[in-house]
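For reference, target_7.txt is printed below; it contains compact mmCIF, C-alpha atoms and all ligand atoms.
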# COMPACT_ATOMS: atom_id res chain seq x y z
CA MET A 13 0.82 5.53 28.91
CA SER A 14 0.15 9.28 28.76
CA PRO A 15 -0.75 10.98 25.43
CA MET A 16 2.70 12.66 25.47
CA GLU A 17 4.43 9.27 25.72
CA THR A 18 2.26 7.99 22.87
CA THR A 19 3.30 10.89 20.65
CA THR A 20 7.02 10.62 21.36
CA SER A 21 7.13 6.84 20.86
CA ARG A 22 5.35 7.11 17.53
CA VAL A 23 7.36 7.24 14.32
CA GLY A 24 5.59 8.37 11.16
CA ILE A 25 6.45 6.55 7.92
CA THR A 26 5.76 7.88 4.44
CA THR A 27 5.52 4.41 2.87
CA THR A 28 6.63 0.86 3.63
CA VAL A 29 10.02 0.81 5.38
CA PRO A 30 11.66 -2.01 7.38
CA VAL A 31 9.04 -1.85 10.11
CA GLU A 32 10.89 -4.54 12.09
CA VAL A 33 13.56 -1.94 12.91
CA ILE A 34 10.93 0.37 14.44
CA PHE A 35 9.49 -2.40 16.61
CA ALA A 36 13.01 -3.52 17.60
CA ALA A 37 13.66 0.03 18.83
CA GLY A 38 10.56 -0.18 21.05
CA LEU A 39 8.74 2.41 18.94
CA GLU A 40 5.31 2.53 17.33
CA PRO A 41 5.09 2.95 13.53
CA LEU A 42 2.34 5.12 12.06
CA ASP A 43 1.82 4.86 8.29
CA LEU A 44 0.94 8.43 7.42
CA ASN A 45 -0.88 7.37 4.23
CA ASN A 46 -3.26 5.14 6.17
CA ALA A 47 -3.64 7.81 8.86
CA PHE A 48 -4.54 10.40 6.21
CA VAL A 49 -6.94 8.34 4.12
CA SER A 50 -8.83 7.02 7.17
CA HIS A 51 -8.90 10.41 8.92
CA PRO A 52 -12.45 11.77 9.27
CA ALA A 53 -11.21 15.17 8.02
CA GLY A 54 -9.01 13.94 5.15
CA GLY A 55 -9.93 16.95 2.97
CA GLY A 56 -9.04 19.25 5.89
CA LEU A 57 -5.53 17.75 6.05
CA ILE A 58 -5.04 18.65 2.38
CA GLU A 59 -6.32 22.19 3.06
CA ARG A 60 -3.82 22.47 5.89
CA ALA A 61 -0.96 21.64 3.50
CA ILE A 62 -2.21 24.16 0.93
CA ALA A 63 -2.44 26.82 3.64
CA ASP A 64 1.24 26.12 4.44
CA GLY A 65 2.25 26.65 0.83
CA PHE A 66 1.81 23.35 -1.02
CA PRO A 67 0.62 24.15 -4.55
CA GLN A 68 -2.82 22.95 -5.65
CA ASN A 69 -1.21 20.96 -8.45
CA THR A 70 0.80 18.60 -6.24
CA CYS A 71 -0.17 15.07 -5.39
CA ALA A 72 -2.97 14.86 -2.81
CA TRP A 73 -1.20 12.02 -1.00
CA LEU A 74 1.83 14.25 -0.35
CA LYS A 75 -0.38 17.04 0.96
CA GLY A 76 -2.37 14.57 3.07
CA ILE A 77 0.78 13.06 4.59
CA TYR A 78 2.03 16.53 5.50
CA GLY A 79 -1.36 17.41 7.01
CA ALA A 80 -1.40 14.13 8.95
CA VAL A 81 1.97 14.92 10.56
CA VAL A 82 0.81 18.41 11.52
CA GLU A 83 -2.49 17.12 12.86
CA LEU A 84 -1.42 13.86 14.54
CA GLY A 85 1.94 15.09 15.76
CA PRO A 86 4.56 12.34 15.35
CA ARG A 87 7.79 14.18 16.13
CA ARG A 88 9.86 11.77 14.02
CA VAL A 89 9.24 10.69 10.44
CA ILE A 90 11.08 8.09 8.35
CA GLY A 91 10.82 9.07 4.70
CA VAL A 92 11.84 6.97 1.71
CA VAL A 93 13.98 9.19 -0.49
CA ARG A 94 14.82 6.53 -3.14
CA GLY A 95 12.38 3.96 -4.39
CA ASP A 96 9.03 5.60 -3.65
CA CYS A 97 8.16 9.20 -4.39
CA SER A 98 9.89 11.96 -6.34
CA GLY A 99 8.40 14.50 -3.91
CA ALA A 100 9.64 12.79 -0.75
CA VAL A 101 12.79 14.91 -0.28
CA VAL A 102 10.88 18.20 -0.42
CA LEU A 103 8.20 16.77 1.86
CA LEU A 104 10.86 15.82 4.42
CA GLU A 105 12.41 19.27 4.23
CA ALA A 106 9.01 20.87 4.74
CA LEU A 107 8.48 18.71 7.83
CA GLU A 108 11.99 19.41 9.13
CA ALA A 109 11.31 23.13 8.81
CA ARG A 110 8.40 22.59 11.21
CA GLY A 111 10.71 20.99 13.79
CA VAL A 112 10.00 17.35 12.92
CA GLU A 113 13.02 15.01 13.10
CA VAL A 114 13.32 13.34 9.71
CA ILE A 115 15.18 10.12 9.00
CA PRO A 116 15.82 9.33 5.32
CA PHE A 117 15.80 5.74 4.07
CA SER A 118 16.79 4.59 0.56
CA PHE A 119 15.95 1.41 -1.24
CA PRO A 120 19.22 0.87 -3.16
CA PHE A 121 19.21 1.03 -6.92
CA PRO A 122 20.17 -1.27 -8.44
CA PRO A 123 19.12 -3.54 -5.57
CA SER A 124 22.19 -4.98 -3.86
CA ARG A 125 22.67 -6.85 -0.61
CA GLU A 126 25.67 -4.78 0.36
CA GLU A 127 23.85 -1.46 -0.13
CA MET A 128 20.76 -2.73 1.67
CA GLU A 129 22.87 -3.80 4.65
CA ARG A 130 24.34 -0.30 4.75
CA GLU A 131 20.90 1.36 4.66
CA MET A 132 19.48 -1.02 7.25
CA ASN A 133 22.42 -0.37 9.58
CA LYS A 134 21.96 3.40 9.20
CA LEU A 135 18.28 3.11 10.08
CA CYS A 136 19.03 0.90 13.09
CA LEU A 137 21.64 3.38 14.30
CA ALA A 138 19.24 6.32 13.93
CA LEU A 139 16.58 4.54 15.99
CA GLY A 140 18.96 3.00 18.56
CA THR A 141 18.69 -0.68 17.69
CA THR A 142 20.53 -3.36 15.71
CA VAL A 143 19.94 -5.43 12.59
CA GLU A 144 20.09 -8.56 14.77
CA ASP A 145 17.18 -7.32 16.90
CA ALA A 146 15.28 -6.32 13.76
CA GLU A 147 15.81 -9.84 12.43
CA MET A 148 14.27 -11.21 15.63
CA TRP A 149 11.26 -9.02 14.97
CA ARG A 150 11.08 -10.29 11.39
CA ARG A 151 10.66 -13.81 12.75
CA GLU A 152 8.10 -12.56 15.28
CA LEU A 153 6.02 -11.04 12.47
CA LEU A 154 6.10 -14.09 10.18
CA PRO A 155 2.87 -15.64 11.60
CA VAL A 156 1.06 -12.32 11.04
CA ARG A 157 2.34 -12.20 7.47
CA GLU A 158 1.12 -15.81 7.01
CA LEU A 159 -2.36 -14.74 8.12
CA LEU A 160 -2.28 -11.93 5.55
CA GLY A 161 -1.43 -14.52 2.91
CA GLU A 162 -4.45 -16.53 4.04
CA VAL A 163 -6.81 -13.52 3.77
CA ASP A 164 -5.45 -12.87 0.29
CA ARG A 165 -5.95 -16.53 -0.67
CA MET A 166 -9.53 -16.40 0.61
CA CYS A 167 -10.05 -13.44 -1.71
CA TRP A 168 -8.71 -14.94 -4.95
CA GLN A 169 -9.10 -18.68 -4.43
CA GLU A 170 -12.12 -19.14 -2.17
CA ASN A 171 -13.82 -15.92 -3.34
CA LYS A 172 -15.06 -15.18 0.19
CA VAL A 173 -13.31 -11.85 0.74
CA THR A 174 -14.20 -8.60 -1.04
CA GLY A 175 -11.62 -6.50 -2.84
CA LEU A 176 -11.86 -3.76 -0.20
CA GLU A 177 -11.47 -6.19 2.71
CA ASP A 178 -8.36 -7.73 1.17
CA HIS A 179 -6.90 -4.33 0.27
CA LEU A 180 -7.41 -2.86 3.76
CA ARG A 181 -5.70 -5.75 5.51
CA LEU A 182 -2.77 -5.93 3.10
CA VAL A 183 -2.21 -2.17 2.98
CA GLY A 184 -2.39 -2.00 6.78
CA SER A 185 0.61 -4.31 7.07
CA SER A 186 2.98 -1.40 6.44
CA ASP A 187 2.65 -0.55 10.15
CA PHE A 188 0.39 -3.36 11.50
CA GLY A 189 -1.79 -0.64 12.99
CA GLY A 190 1.11 0.09 15.38
CA ASP A 191 0.37 -3.13 17.32
CA PRO A 192 1.16 -6.48 15.61
CA GLY A 193 -0.45 -8.51 18.43
CA ARG A 194 -3.77 -6.77 17.99
CA TYR A 195 -3.41 -6.94 14.18
CA ARG A 196 -2.92 -10.69 14.43
CA GLU A 197 -6.02 -11.13 16.59
CA GLU A 198 -8.10 -9.06 14.19
CA LEU A 199 -6.88 -11.14 11.23
CA GLU A 200 -7.67 -14.39 13.05
CA GLY A 201 -11.17 -13.13 13.88
CA PHE A 202 -11.72 -11.97 10.30
CA ILE A 203 -10.62 -15.32 8.84
CA GLU A 204 -12.98 -17.19 11.19
CA GLU A 205 -15.85 -14.90 10.25
CA THR A 206 -15.34 -15.22 6.50
CA LYS A 207 -15.05 -19.03 6.46
CA GLY A 208 -18.84 -19.39 6.69
CA ARG A 209 -19.63 -16.99 3.87
CA GLU A 210 -21.16 -17.91 0.53
CA PRO A 211 -18.68 -17.40 -2.35
CA LEU A 212 -18.90 -13.89 -3.74
CA ASP A 213 -18.46 -15.05 -7.32
CA GLU A 214 -21.85 -16.79 -7.00
CA ARG A 215 -23.63 -13.64 -5.79
CA GLU A 216 -26.79 -12.50 -7.53
CA GLY A 217 -26.80 -9.72 -10.09
CA ILE A 218 -23.61 -10.51 -12.06
CA PRO A 219 -24.59 -9.51 -15.61
CA PHE A 220 -22.08 -11.80 -17.35
CA ALA A 221 -21.44 -15.53 -17.68
CA ARG A 222 -19.33 -15.16 -14.53
CA GLU A 223 -17.68 -12.53 -12.34
CA VAL A 224 -14.90 -10.52 -14.03
CA ARG A 225 -11.63 -11.04 -12.12
CA LEU A 226 -9.46 -7.93 -11.91
CA GLY A 227 -5.99 -7.04 -10.67
CA TYR A 228 -5.28 -3.65 -9.10
CA LEU A 229 -1.86 -2.16 -9.92
CA GLY A 230 -0.13 0.91 -8.58
CA VAL A 231 -0.21 3.06 -5.47
CA PRO A 232 -3.14 2.56 -3.08
CA PRO A 233 -6.21 4.55 -4.17
CA ILE A 234 -7.11 7.86 -2.58
CA THR A 235 -10.68 6.82 -3.37
CA PRO A 236 -11.10 3.30 -1.84
CA GLY A 237 -14.67 3.33 -3.25
CA ILE A 238 -13.11 1.91 -6.43
CA PHE A 239 -13.19 -1.58 -4.89
CA SER A 240 -16.93 -1.62 -4.16
CA GLN A 241 -17.67 0.17 -7.41
CA VAL A 242 -16.31 -2.65 -9.58
CA GLU A 243 -18.27 -5.20 -7.52
CA ARG A 244 -21.49 -3.36 -8.35
CA LEU A 245 -20.55 -3.71 -12.02
CA GLY A 246 -20.05 -7.52 -11.88
CA ALA A 247 -16.29 -7.61 -11.26
CA ARG A 248 -14.01 -7.94 -8.22
CA PHE A 249 -10.38 -7.09 -7.50
CA VAL A 250 -8.72 -10.38 -6.54
CA PHE A 251 -5.13 -9.13 -6.80
CA HIS A 252 -3.68 -6.04 -5.14
CA GLU A 253 -0.20 -5.68 -6.51
CA VAL A 254 1.47 -3.10 -4.26
CA ALA A 255 -0.58 -3.77 -1.11
CA ARG A 256 0.33 -7.47 -1.39
CA GLN A 257 3.98 -6.45 -1.68
CA PHE A 258 3.60 -4.47 1.57
CA SER A 259 2.73 -7.78 3.27
CA MET A 260 6.08 -9.34 2.16
CA PRO A 261 4.43 -12.53 0.88
CA ASN A 262 7.50 -14.58 -0.06
CA HIS A 263 9.65 -16.83 2.11
CA VAL A 264 13.15 -15.35 2.35
CA ARG A 265 16.37 -15.92 4.25
CA ASP A 266 16.58 -12.78 6.37
CA ILE A 267 15.53 -9.14 6.77
CA ILE A 268 18.00 -7.92 4.14
CA GLU A 269 16.60 -10.30 1.53
CA GLN A 270 13.03 -9.46 2.56
CA TYR A 271 13.47 -5.82 1.55
CA LEU A 272 15.30 -6.75 -1.65
CA ASP A 273 12.53 -9.18 -2.61
CA TYR A 274 9.93 -6.39 -2.19
CA THR A 275 9.31 -5.29 -5.80
CA TYR A 276 7.73 -1.82 -5.53
CA PRO A 277 10.91 0.32 -5.02
CA TYR A 278 12.92 -1.30 -7.78
CA THR A 279 12.33 -2.04 -11.47
CA LEU A 280 9.15 -2.10 -13.53
CA ARG A 281 10.50 -5.23 -15.15
CA ALA A 282 10.48 -7.13 -11.84
CA ARG A 283 7.05 -5.69 -10.99
CA SER A 284 5.73 -6.81 -14.39
CA GLU A 285 7.05 -10.32 -13.84
CA ASP A 286 5.30 -10.45 -10.46
CA ILE A 287 2.06 -9.11 -11.99
CA ASN A 288 2.12 -11.57 -14.91
CA ARG A 289 2.84 -14.50 -12.60
CA GLU A 290 -0.01 -13.59 -10.23
CA SER A 291 -2.37 -12.83 -13.16
CA GLU A 292 -1.94 -16.36 -14.41
CA LYS A 293 -2.16 -17.98 -10.99
CA ARG A 294 -5.31 -16.03 -10.02
CA GLY A 295 -7.03 -16.30 -13.42
CA LEU A 296 -7.27 -12.55 -13.95
CA ASP A 297 -9.34 -11.22 -16.87
CA GLY A 298 -8.00 -7.65 -16.74
CA LEU A 299 -5.75 -5.21 -14.91
CA VAL A 300 -6.55 -1.71 -13.65
CA HIS A 301 -3.59 0.61 -13.17
CA TYR A 302 -4.54 3.30 -10.67
CA VAL A 303 -2.53 6.49 -11.05
CA GLN A 304 -2.59 9.59 -8.90
CA SER A 305 -2.83 13.03 -10.48
CA PHE A 306 0.54 14.85 -10.50
CA CYS A 307 2.48 11.64 -9.73
CA HIS A 308 5.61 10.70 -11.67
CA ARG A 309 4.48 7.07 -11.51
CA ASN A 310 1.91 7.86 -14.22
CA MET A 311 4.77 7.18 -16.65
CA GLU A 312 4.86 3.52 -15.59
CA ASP A 313 2.38 2.74 -18.37
CA VAL A 314 5.17 3.21 -20.90
CA VAL A 315 6.56 -0.10 -19.65
CA PHE A 316 3.39 -1.78 -18.37
CA THR A 317 1.56 -1.56 -21.72
CA ARG A 318 4.37 -3.57 -23.33
CA ALA A 319 5.25 -5.93 -20.51
CA LEU A 320 1.89 -7.05 -19.13
CA GLY A 321 -0.07 -9.93 -20.63
CA ALA A 322 -3.66 -9.10 -19.57
CA PRO A 323 -5.87 -6.23 -20.87
CA LEU A 324 -4.95 -3.01 -19.04
CA LEU A 325 -7.02 0.06 -18.13
CA THR A 326 -5.48 3.14 -16.49
CA VAL A 327 -7.64 5.20 -14.14
CA GLU A 328 -6.48 8.53 -12.72
CA CYS A 329 -7.84 10.13 -9.55
CA ASP A 330 -6.97 13.30 -7.68
CA CYS A 331 -8.73 14.01 -4.37
CA PRO A 332 -10.32 11.87 -1.66
CA GLY A 333 -14.07 11.30 -1.85
CA GLU A 334 -16.27 9.59 -4.38
CA LEU A 335 -14.81 8.06 -7.51
CA GLY A 336 -15.40 10.61 -10.31
CA ALA A 337 -17.95 10.03 -13.08
CA ALA A 338 -15.23 9.73 -15.75
CA ALA A 339 -13.42 6.99 -13.80
CA VAL A 340 -16.68 5.10 -13.16
CA SER A 341 -17.61 5.26 -16.83
CA ARG A 342 -14.20 4.00 -17.97
CA LEU A 343 -14.32 1.12 -15.48
CA GLU A 344 -17.85 0.27 -16.60
CA SER A 345 -16.87 0.07 -20.30
CA PHE A 346 -13.74 -1.97 -19.51
CA ILE A 347 -15.62 -4.49 -17.37
CA GLN A 348 -18.45 -4.73 -19.89
CA VAL A 349 -16.15 -5.49 -22.82
CA ILE A 350 -14.36 -8.18 -20.82
CA GLY A 351 -17.59 -9.57 -19.29
CA GLU A 352 -19.38 -9.92 -22.62
CA ASN A 353 -16.47 -11.89 -24.03
CA LEU A 354 -16.11 -14.39 -21.19
S1 LIG B 401 1.04 9.06 -5.44
FE1 LIG B 401 3.02 9.45 -6.42
S2 LIG B 401 3.50 11.62 -6.03
FE2 LIG B 401 1.87 10.97 -4.64
S3 LIG B 401 2.91 10.39 -2.75
FE3 LIG B 401 2.61 8.50 -3.97
S4 LIG B 401 4.50 8.29 -5.19
FE4 LIG B 401 4.43 10.42 -4.39
Represent the structure from my file as structure tokens, please.
Amino acid sequence: MSPMETTTSRVGITTTVPVEVIFAAGLEPLDLNNAFVSHPAGGGLIERAIADGFPQNTCAWLKGIYGAVVELGPRRVIGVVRGDCSGAVVLLEALEARGVEVIPFSFPFPPSREEMEREMNKLCLALGTTVEDAEMWRRELLPVRELLGEVDRMCWQENKVTGLEDHLRLVGSSDFGGDPGRYREELEGFIEETKGREPLDEREGIPFAREVRLGYLGVPPITPGIFSQVERLGARFVFHEVARQFSMPNHVRDIIEQYLDYTYPYTLRARSEDINRESEKRGLDGLVHYVQSFCHRNMEDVVFTRALGAPLLTVECDCPGELGAAAVSRLESFIQVIGENL
């Protein structure tokens, strides 16, 4: 396949969308968030957006996604205009003004089967496929989603997978790296490799009676160093709320139900129920809500502080790179207070 063919068959996505539709259309999904945050010149992608007029005080993810489209060149982008980001519509217009074909997708609110069927049909029509073919792809992807569930279980139950390892595999399931077959092989290899490991909760250097078990809430971090940082302090993230949702962990009837069961685009009440249920199941000691500077989702704490059962710390970050000193210090105090009371 020539580079030109690769570019034209690639479809950028601004967040999790029904990826089965993209595969059913014979196209290759590219999660622009993952492309941005793993890009060797991530800061340069933000600079590119600023040079094109994005204000300094807008979310770095939005600027990075824009920069990733300019740099990596997908000519088509599916953007979620309801259920993800308040800046998505302007982002899509900015991309359209550069000649990119944009396809809007909405997670219906309130969630309803009828509305979801309508949205799914629209997306299928735009990409030249059908809901029936997308449903076939849903079944095709089920074994890969099962493997993701196994990696996640090995993180929280067997304690053999680090927070970063679990996060990267779950968050990558938004586009399966563009190639579900290869993704599946990599997951199988990873599971084999981790089986022989010593449990991480028995590692040396934990300064408390035992490891502090944390849950990570909110959008994926622009500073993935947060996962290793808490492990240096005697804790570990054993629950990744939104990334786990990307992997569609529950057994459902069909593709319509799958994207209605996905909690992130809908209510904070349903997200809180999911978080409380998993907190209990995984024996979490505390929750860290990651928020991105200039993001409307920072307001979620208004509900979370009342609805969640475990102790909650909110950490805000802005740009890619190292976790800032203020965030490290807040995490340290939070973990210490929990750890000393175990
Ligand atoms: S962090 Fe918030 S503002 Fe930024 S892209 Fe995500 S939802 Fe949008």
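Candidate residues A:Val23, A:Leu153, A:Leu103, A:Leu135 were compared for distance to ligand LIG 401 (chain B), and the nearest is A:Leu103, using all atoms listed in the file.
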Expected axis-aligned box over every listed atom of range 116-135 of chain A, 6 Å added per side, centre plus edges in Å to one decimal, as JSON:
{"center_x": 20.7, "center_y": 1.2, "center_z": 0.8, "size_x": 21.9, "size_y": 28.2, "size_z": 30.5}
Pick from A:Trp149, A:Phe316, A:Trp73, A:Phe117, whichever lies nearest to Ile267 in chain A using all atoms listed in the file: A:Trp149
Dump as a Markdown table the rows for residues of chain A within 8 Å of ligand LIG 401 (chain B): closest atom pair and distance in Å with one decimal, all atoms listed in the file counted, ordered by chain and rising residue number.
| residue | atom | partner | partner_atom | distance |
| --- | --- | --- | --- | --- |
| A:Thr70 | CA | B:LIG401 | S2 | 7.5 |
| A:Cys71 | CA | B:LIG401 | FE2 | 4.6 |
| A:Ala72 | CA | B:LIG401 | FE2 | 6.5 |
| A:Trp73 | CA | B:LIG401 | S3 | 4.8 |
| A:Leu74 | CA | B:LIG401 | S3 | 4.7 |
| A:Asp96 | CA | B:LIG401 | S4 | 5.5 |
| A:Cys97 | CA | B:LIG401 | S4 | 3.9 |
| A:Ser98 | CA | B:LIG401 | FE4 | 6.0 |
| A:Gly99 | CA | B:LIG401 | FE4 | 5.7 |
| A:Ala100 | CA | B:LIG401 | FE4 | 6.8 |
| A:Val231 | CA | B:LIG401 | S1 | 6.1 |
| A:Val303 | CA | B:LIG401 | S1 | 7.1 |
| A:Gln304 | CA | B:LIG401 | S1 | 5.0 |
| A:Ser305 | CA | B:LIG401 | S1 | 7.5 |
| A:Phe306 | CA | B:LIG401 | S2 | 6.3 |
| A:Cys307 | CA | B:LIG401 | S2 | 3.8 |
| A:His308 | CA | B:LIG401 | FE1 | 6.0 |
| A:Arg309 | CA | B:LIG401 | FE1 | 5.8 |
Kindly export the residues of the current selection with C-alpha atoms, as a PDB file, in the frame of the given file.
ATOM      1  CA  THR A  70       0.800  18.600  -6.240  1.00  0.00           C
ATOM      2  CA  CYS A  71      -0.170  15.070  -5.390  1.00  0.00           C
ATOM      3  CA  ALA A  72      -2.970  14.860  -2.810  1.00  0.00           C
ATOM      4  CA  TRP A  73      -1.200  12.020  -1.000  1.00  0.00           C
ATOM      5  CA  LEU A  74       1.830  14.250  -0.350  1.00  0.00           C
ATOM      6  CA  ASP A  96       9.030   5.600  -3.650  1.00  0.00           C
ATOM      7  CA  CYS A  97       8.160   9.200  -4.390  1.00  0.00           C
ATOM      8  CA  SER A  98       9.890  11.960  -6.340  1.00  0.00           C
ATOM      9  CA  GLY A  99       8.400  14.500  -3.910  1.00  0.00           C
ATOM     10  CA  ALA A 100       9.640  12.790  -0.750  1.00  0.00           C
ATOM     11  CA  VAL A 231      -0.210   3.060  -5.470  1.00  0.00           C
ATOM     12  CA  VAL A 303      -2.530   6.490 -11.050  1.00  0.00           C
ATOM     13  CA  GLN A 304      -2.590   9.590  -8.900  1.00  0.00           C
ATOM     14  CA  SER A 305      -2.830  13.030 -10.480  1.00  0.00           C
ATOM     15  CA  PHE A 306       0.540  14.850 -10.500  1.00  0.00           C
ATOM     16  CA  CYS A 307       2.480  11.640  -9.730  1.00  0.00           C
ATOM     17  CA  HIS A 308       5.610  10.700 -11.670  1.00  0.00           C
ATOM     18  CA  ARG A 309       4.480   7.070 -11.510  1.00  0.00           C
TER      19      ARG A 309
END
Computed interatomic separation between CA of Leu104 in chain A and CA of Gly91 in chain A (Å): 6.8 Å
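Each of A:Val163, A:Leu245, A:Val340, A:Ile34 was checked against Ser186 in chain A using only C-alpha atoms; the smallest atom-to-atom distance is that of A:Ile34.
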Could you make a table, as JSON lines, of the residues of range 298-347 of chain A that have an atom within 12 Å of an atom of range 40-50 of chain A, each with its nearest atom pair and distance in Å to one decimal, counting all atoms listed in the file, in chain and number order?
{"residue": "A:Cys331", "atom": "CA", "partner": "A:Val49", "partner_atom": "CA", "distance": 10.4}
{"residue": "A:Pro332", "atom": "CA", "partner": "A:Val49", "partner_atom": "CA", "distance": 7.6}
{"residue": "A:Gly333", "atom": "CA", "partner": "A:Val49", "partner_atom": "CA", "distance": 9.8}
field: Atomic distance CA of Pro236 in chain A - CA of Leu180 in chain A, expressed in Å with one decimal
entry: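 According to the coordinates, CA of Pro236 in chain A and CA of Leu180 in chain A are separated by 9.1 Å.
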- prompt: Looking at all atoms listed in the file, which of A:Asp164, A:Gly217, A:Val314, A:Pro233 is the one that sits closest to Val250 in chain A?
  reply: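 Among A:Asp164, A:Gly217, A:Val314, A:Pro233, it is A:Asp164 that comes nearest to Val250 in chain A.
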- request: Provide the CA of Asn310 in chain A to CA of Pro232 in chain A distance in Å, to one decimal place.
  value: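 Calculated distance between CA of Asn310 in chain A and CA of Pro232 in chain A is 13.3 Å.
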message: Restricting the calculation to all atoms listed in the file: of A:Asn262, A:Ser124, A:Gly246, A:Leu182, which residue gets closest to Leu154 in chain A?
response: A:Asn262
- prompt: Which residues, written as number ranges by chain, have at least one atom at most 10 Å from range 284-292 of chain A, with all atoms listed in the file counted and residues fewer than 2 positions away on the same chain left out?
  reply: A: 225-229, 250-254, 257, 275, 279-282, 294-299, 315-322
Just want the 10 Å neighbourhood of Arg256 in chain A, counted on all atoms listed in the file, with same-chain residues fewer than 5 positions away dropped. Output as a PDB file with C-alpha atoms, keeping the file's coordinate frame.
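Written file, out.pdb:
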ATOM      1  CA  LEU A 160      -2.280 -11.930   5.550  1.00  0.00           C
ATOM      2  CA  GLY A 161      -1.430 -14.520   2.910  1.00  0.00           C
ATOM      3  CA  ASP A 164      -5.450 -12.870   0.290  1.00  0.00           C
ATOM      4  CA  ASP A 178      -8.360  -7.730   1.170  1.00  0.00           C
ATOM      5  CA  HIS A 179      -6.900  -4.330   0.270  1.00  0.00           C
ATOM      6  CA  ARG A 181      -5.700  -5.750   5.510  1.00  0.00           C
ATOM      7  CA  LEU A 182      -2.770  -5.930   3.100  1.00  0.00           C
ATOM      8  CA  VAL A 183      -2.210  -2.170   2.980  1.00  0.00           C
ATOM      9  CA  SER A 185       0.610  -4.310   7.070  1.00  0.00           C
ATOM     10  CA  PHE A 251      -5.130  -9.130  -6.800  1.00  0.00           C
ATOM     11  CA  PRO A 261       4.430 -12.530   0.880  1.00  0.00           C
ATOM     12  CA  TYR A 274       9.930  -6.390  -2.190  1.00  0.00           C
TER      13      TYR A 274
END
query: Which is closer to Arg88 in chain A than all the others in A:Ser21, A:Gln241, A:Asn133, A:Thr142, using all atoms listed in the file?
result: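 Smallest separation from Arg88 in chain A among the options: A:Ser21.
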message: Taking 3 positions as the minimum chain separation for residues in the same chain, which residues sit within 12 Å of Val114 in chain A when counting all atoms listed in the file? Answer as a VMD selection string.
response: chain A and resid 23 to 26 81 86 to 93 100 to 111 117 135 138 to 139
Point (-10.9, -0.3, -17.2) neighbourhood (10 Å, all atoms listed in the file) written as a list of chain:residue names: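 The answer, in the requested form, is A:Leu226, A:Val242, A:Gly298, A:Leu299, A:Val300, A:His301, A:Tyr302, A:Pro323, A:Leu324, A:Leu325, A:Thr326, A:Val327, A:Ala339, A:Val340, A:Ser341, A:Arg342, A:Leu343, A:Glu344, A:Ser345, A:Phe346, A:Ile347, A:Gln348, A:Val349, A:Ile350.
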Would you pick out the contacts of Phe220 in chain A at 8 Å or less, using all atoms listed in the file, so that residues sharing its chain but fewer than 5 positions from it are not included, and give the list as a compact mmCIF listing (two decimals) with C-alpha atoms, in the frame of the given file?
# COMPACT_ATOMS: atom_id res chain seq x y z
CA GLY A 246 -20.05 -7.52 -11.88
CA GLY A 351 -17.59 -9.57 -19.29
CA GLU A 352 -19.38 -9.92 -22.62
CA LEU A 354 -16.11 -14.39 -21.19
